[in-house]
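Accompanying notes for the structure given below.
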Amino acid sequence: VAAEETRGRCREVPVTQSPEVLDPAELQPFPRPESALAEALALLADHDWEKKIEGLNFVRCLSAYHAPVLTAKLHETTLAVAQEVKNLRSGVSRAAVVCLGDLFTHLKKSMDQELDNAVKVLLHKAGESNTFIREEVDKALKAMVNNVTPARALCSLINGGQSHLHSAVRRCTAQHLGDIVELLGPERVLAGPRPVAERLLPAIARFAQDSSQQTRFYGRKMLFTMMAHPDLDKSVEKFVPAKDLPYIKETVASLREKGLGEMPLDTPSAKGRRSQTGSVGHLRSSSTCRDAPIILDRDSTEAQEAPRRAAAPRSALESEEYVRDMVGLLNNKDFRERISGVRQLLLDTESSPALVLHNIVRIFDAFKPRLHDSNSKVNQAALEAMHRMIPLLKDNLSPVINMLIPAIVDNNLNSKNPGIYTAATNVIQALCQHLDTSLLLQPFCTKAQFLSGKAKQDLTEKLAELVPELYPRRPGAVEQKVLPVLWHLLGGPAGGSVPGPRTATAGLARALWAQMGPGLLAHAAAQPPHIGKSLEELLDTGT
């Protein structure tokens with residue numbers, strides 16, 4: 001039968017092509033498609049990875065040859081396929097990504113209702129280190145853009161990737177969003193239904209200021225695509241948030257004057273080469289600066305002759321040269337030069353915060369690696385400088401906070417160097433004191449789940465401190481983001497008998513109980529039984 005033939009073919013594909021994924025030419029129709037669909041769902045539910053791949057190939061055959069049959073159970077099927085995209089076995093994951101691409105290709109607008117979940121899991125995979133999976137994700141998203149309703153695709157991409165913590169996911173989102181803008185054309189974006197421009201322009205504003213050069217390029221490219229339309233300026237004024245408006249208006253003016261330019265290489269070597277002929281002299285380092293001790297106290301720093309306080313730039317050219325020189329110092333191969341850059345940034349933030357804020361994404365894109373520099377002196381100096389900059393910049397750090405927090409916590413909170421660990425904990429405390437804590441919730445939750453050791457314990461304790469302040473004003477956000485962390489902790493070693501992690505988990509559980517009461521147990525009832533049991537034990541013992 002056709003089903004057995006499909007199974008056989010799956011194993012016959014040469015290894016060089018990939019034994020998991022059938023070539024489209026090898027997909028065959030079924031004599032009994034209804035039975036094949038039932039079998040496909042059963043195979044996908046099986047724990048055997050080879051059977052899962054067979055099930056995915058069945059779904060691909062059904063999408064190519066029996067679309068009406070598949071459409072009858074499309075929601076159930078798409079959920080099952082999307083679940084396998086997250087499979088830890090790369091062969092299954094890749095086969096599921098290819099399968100989603102085929103569903104977009106063959107079912108077209110019938111997939112509109114399934115976009116949000118499908119696009120979200122695909123974008124998450126764009127952050128994978130596996131090159132083959134990333135390539136298949138790109139193909140699947142291109143199939144999605146070319147076949148579903150563009151406005152629905154646009155919303156799903158923005159929902160799934162605009163604020164993702166992984167820069168590769170944001171870059172992928174911006175790239176395919178740009179494809180949709182080109183597909184729609186400026187007229188349909190700016191003069192068509194209001195929701196398109198209303199959703200798109202704030203997202204473009206975020207991408208145009210992203211930490212990744214390529215993501216910023218895609219953001220500018222979308223603006224460039226719409227630049228000739230007479231309604232662009234009016235739409236920008238209307239829909240771009242006020243805090244982003246000056247930068248976006250300046251970007252549009254620059255695009256009109258200079259054009260788009262070439263796609264940048266998103267690598268450290270392409271970032272911030274130092275200017276040898278620029279006129280912004282306040283960033284030039286001297287031997288006095290290079291040889292100075294690493295002291296970031298105000299009195300000691302001001303006693304040094306260099307670096308000098310920066311004056312606000314008189315022109316866009318001077319601002320550009322300032323950024324170029326600052327990035328050059330922060331990325332310099334000589335650790336003493338990098339320390340000079342850190343100290344200069346602190347001084348400029350104190351004396352000319354507008355200068356730093358105007359270029360915050362580009363400057364902190366270069367500053368971020370210094371927060372976990374391989375040289376411990378630079379590492380500690382950067383953390384101490386960050387601690388002093390936070391009260392000055394406060395919520396203005398929001399455009400860069402998602403890239404800064406991983407750099408602050410990933411290695412430093414598990415560091416055996418007491419100076420670095422103390423500096424990192426001081427930075428975390430300052431963030432909680434001086435920023436809107438809702439900005440910290442998602443990155444703290446992510447790191448509390450995926451880090452280990454002391455870092456996991458510290459961030460769990462910090463989340464417990466945030467809950468009483470955040471829950472009264474953002475209950476939905478706390479339940480959506482913090483409860484998964486608690487379930488994760490209760491289901492792993494942190495919920496066990498090790499004193500430190502168990503105490504931190506108990507503290508988080510009690511903080512949530514104080515705000516949610518019995519509602520916490522109601523949420524736990526939807527989890528596996530051992531989660532609810534562990535929670536009740538923690539709440540009963542308080543340890």
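Following the order of the structure tokens, chains are lettered A, B, ..., residues in each are numbered from 1, and ligands are numbered from 1.
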Within 12 Å of stretch 351-373 of chain A, which residues of stretch 236-259 of chain A show up? Give each one with its shortest atom-to-atom distance in Å (one decimal) and the two atoms involved, counting only C-alpha atoms, rows by chain then rising residue number, as CSV.
residue,atom,partner,partner_atom,distance
A:Lys243,CA,A:His358,CA,10.8
A:Asp244,CA,A:His358,CA,10.2
A:Leu245,CA,A:His358,CA,11.7
A:Pro246,CA,A:His358,CA,9.2
A:Tyr247,CA,A:His358,CA,7.7
A:Ile248,CA,A:His358,CA,11.5
A:Glu250,CA,A:His358,CA,10.9
Mind dumping the selected residues with N, CA and C atoms as a PDB file, in the first residue's frame?
ATOM      1  N   LYS A 243       8.984  57.729  22.033  1.00  0.00           N
ATOM      2  CA  LYS A 243      10.390  57.570  22.422  1.00  0.00           C
ATOM      3  C   LYS A 243      11.271  57.168  21.240  1.00  0.00           C
ATOM      4  N   ASP A 244      10.681  56.546  20.221  1.00  0.00           N
ATOM      5  CA  ASP A 244      11.446  56.107  19.044  1.00  0.00           C
ATOM      6  C   ASP A 244      11.366  57.093  17.890  1.00  0.00           C
ATOM      7  N   LEU A 245      10.443  58.044  17.969  1.00  0.00           N
ATOM      8  CA  LEU A 245      10.146  58.897  16.823  1.00  0.00           C
ATOM      9  C   LEU A 245      11.343  59.718  16.341  1.00  0.00           C
ATOM     10  N   PRO A 246      12.102  60.397  17.223  1.00  0.00           N
ATOM     11  CA  PRO A 246      13.234  61.195  16.717  1.00  0.00           C
ATOM     12  C   PRO A 246      14.236  60.354  15.932  1.00  0.00           C
ATOM     13  N   TYR A 247      14.552  59.153  16.449  1.00  0.00           N
ATOM     14  CA  TYR A 247      15.524  58.301  15.760  1.00  0.00           C
ATOM     15  C   TYR A 247      14.995  57.844  14.406  1.00  0.00           C
ATOM     16  N   ILE A 248      13.726  57.462  14.338  1.00  0.00           N
ATOM     17  CA  ILE A 248      13.161  56.962  13.082  1.00  0.00           C
ATOM     18  C   ILE A 248      13.059  58.082  12.050  1.00  0.00           C
ATOM     19  N   GLU A 250      15.016  60.633  11.882  1.00  0.00           N
ATOM     20  CA  GLU A 250      16.395  60.859  11.438  1.00  0.00           C
ATOM     21  C   GLU A 250      16.845  59.762  10.473  1.00  0.00           C
TER      22      GLU A 250
END
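Using only C-alpha atoms, the contacts of A:Leu397 at a cut-off of 10 Å, with sequence neighbours closer than 2 positions omitted, comprise Leu357, Ile360, Val361, Phe364, Met389, Ile390, Leu392, Leu393, Lys394, Asp395, Pro399, Val400, Ile401, Asn402, Leu404, Leu431, Leu435 and Leu439 of chain A.
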Quiz item: Leaving out A:Ala203 and any residue of its chain fewer than 6 positions from it, which residues lie within 10 Å of it when counting only C-alpha atoms, given as a ChimeraX atom specification?
Solution: /A:158-159,161-163,174,177,197,219,240-241
Self-check item: Among the residues A:Val482, A:Ile420, A:Leu413, A:Leu383, the one that comes closest to A:Lys454 [using only C-alpha atoms]
Solution: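 Smallest distance to A:Lys454 is found for A:Leu413.
Going from atom CA of A:Ala205 to atom CA of A:His166 covers 17.8 Å.
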Quiz prompt | Residues near A:Gln380, cut-off 10 Å, only C-alpha atoms, skip fewer than 5 positions along chain, as a ChimeraX atom specification | solution = /A:294,339,370-373,375,385-386,412,417,419-424
Keeping only N, CA, C and O atoms, write the selected residues to a file as a compact mmCIF listing (two decimals), in the first residue's frame.
# COMPACT_ATOMS: atom_id res chain seq x y z
N ILE A 294 42.66 50.57 37.54
CA ILE A 294 41.26 50.32 37.27
C ILE A 294 40.43 50.72 38.47
O ILE A 294 40.11 49.91 39.34
N ILE A 339 39.39 49.09 28.82
CA ILE A 339 39.08 49.73 30.11
C ILE A 339 38.90 51.23 29.92
O ILE A 339 38.00 51.85 30.52
N ARG A 370 31.93 43.55 27.01
CA ARG A 370 32.84 43.89 28.11
C ARG A 370 32.29 43.41 29.45
O ARG A 370 33.03 43.24 30.41
N LEU A 371 30.97 43.21 29.54
CA LEU A 371 30.36 42.73 30.78
C LEU A 371 30.71 41.28 31.07
O LEU A 371 30.50 40.80 32.18
N HIS A 372 31.22 40.57 30.07
CA HIS A 372 31.73 39.21 30.32
C HIS A 372 33.06 39.03 29.59
O HIS A 372 33.34 37.99 29.02
N ASP A 373 33.87 40.07 29.63
CA ASP A 373 35.17 40.08 28.96
C ASP A 373 36.06 38.96 29.48
O ASP A 373 36.03 38.63 30.67
N ASN A 375 39.11 39.11 29.95
CA ASN A 375 40.03 39.71 30.92
C ASN A 375 39.24 40.12 32.16
O ASN A 375 38.34 40.95 32.08
N ALA A 385 31.01 49.91 36.24
CA ALA A 385 30.53 51.07 35.48
C ALA A 385 29.04 50.96 35.21
O ALA A 385 28.29 51.94 35.33
N MET A 386 28.60 49.77 34.89
CA MET A 386 27.18 49.54 34.63
C MET A 386 26.35 49.87 35.86
O MET A 386 25.27 50.47 35.78
N ASN A 412 28.78 35.69 35.15
CA ASN A 412 29.20 36.44 36.34
C ASN A 412 28.58 35.94 37.64
O ASN A 412 29.22 35.96 38.69
N ASN A 417 35.32 34.45 41.06
CA ASN A 417 36.01 35.69 41.41
C ASN A 417 35.05 36.53 42.26
O ASN A 417 34.02 36.99 41.77
N GLY A 419 35.09 39.54 43.40
CA GLY A 419 34.87 40.90 42.92
C GLY A 419 33.87 40.96 41.79
O GLY A 419 32.99 41.84 41.75
N ILE A 420 33.98 40.01 40.85
CA ILE A 420 33.07 39.97 39.71
C ILE A 420 31.67 39.58 40.17
O ILE A 420 30.67 40.18 39.75
N TYR A 421 31.58 38.57 41.05
CA TYR A 421 30.26 38.15 41.53
C TYR A 421 29.55 39.29 42.28
O TYR A 421 28.37 39.57 42.03
N THR A 422 30.28 39.96 43.15
CA THR A 422 29.67 41.08 43.90
C THR A 422 29.23 42.19 42.96
O THR A 422 28.13 42.76 43.11
N ALA A 423 30.06 42.52 41.97
CA ALA A 423 29.71 43.57 41.03
C ALA A 423 28.46 43.21 40.24
O ALA A 423 27.59 44.05 39.98
N ALA A 424 28.36 41.92 39.84
CA ALA A 424 27.19 41.49 39.07
C ALA A 424 25.91 41.56 39.91
O ALA A 424 24.86 42.01 39.42
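Here the question is which of A:Leu123, A:Ile180, A:Leu441, A:Val327 gets nearest to A:Val145 using only C-alpha atoms, and that residue is A:Ile180.
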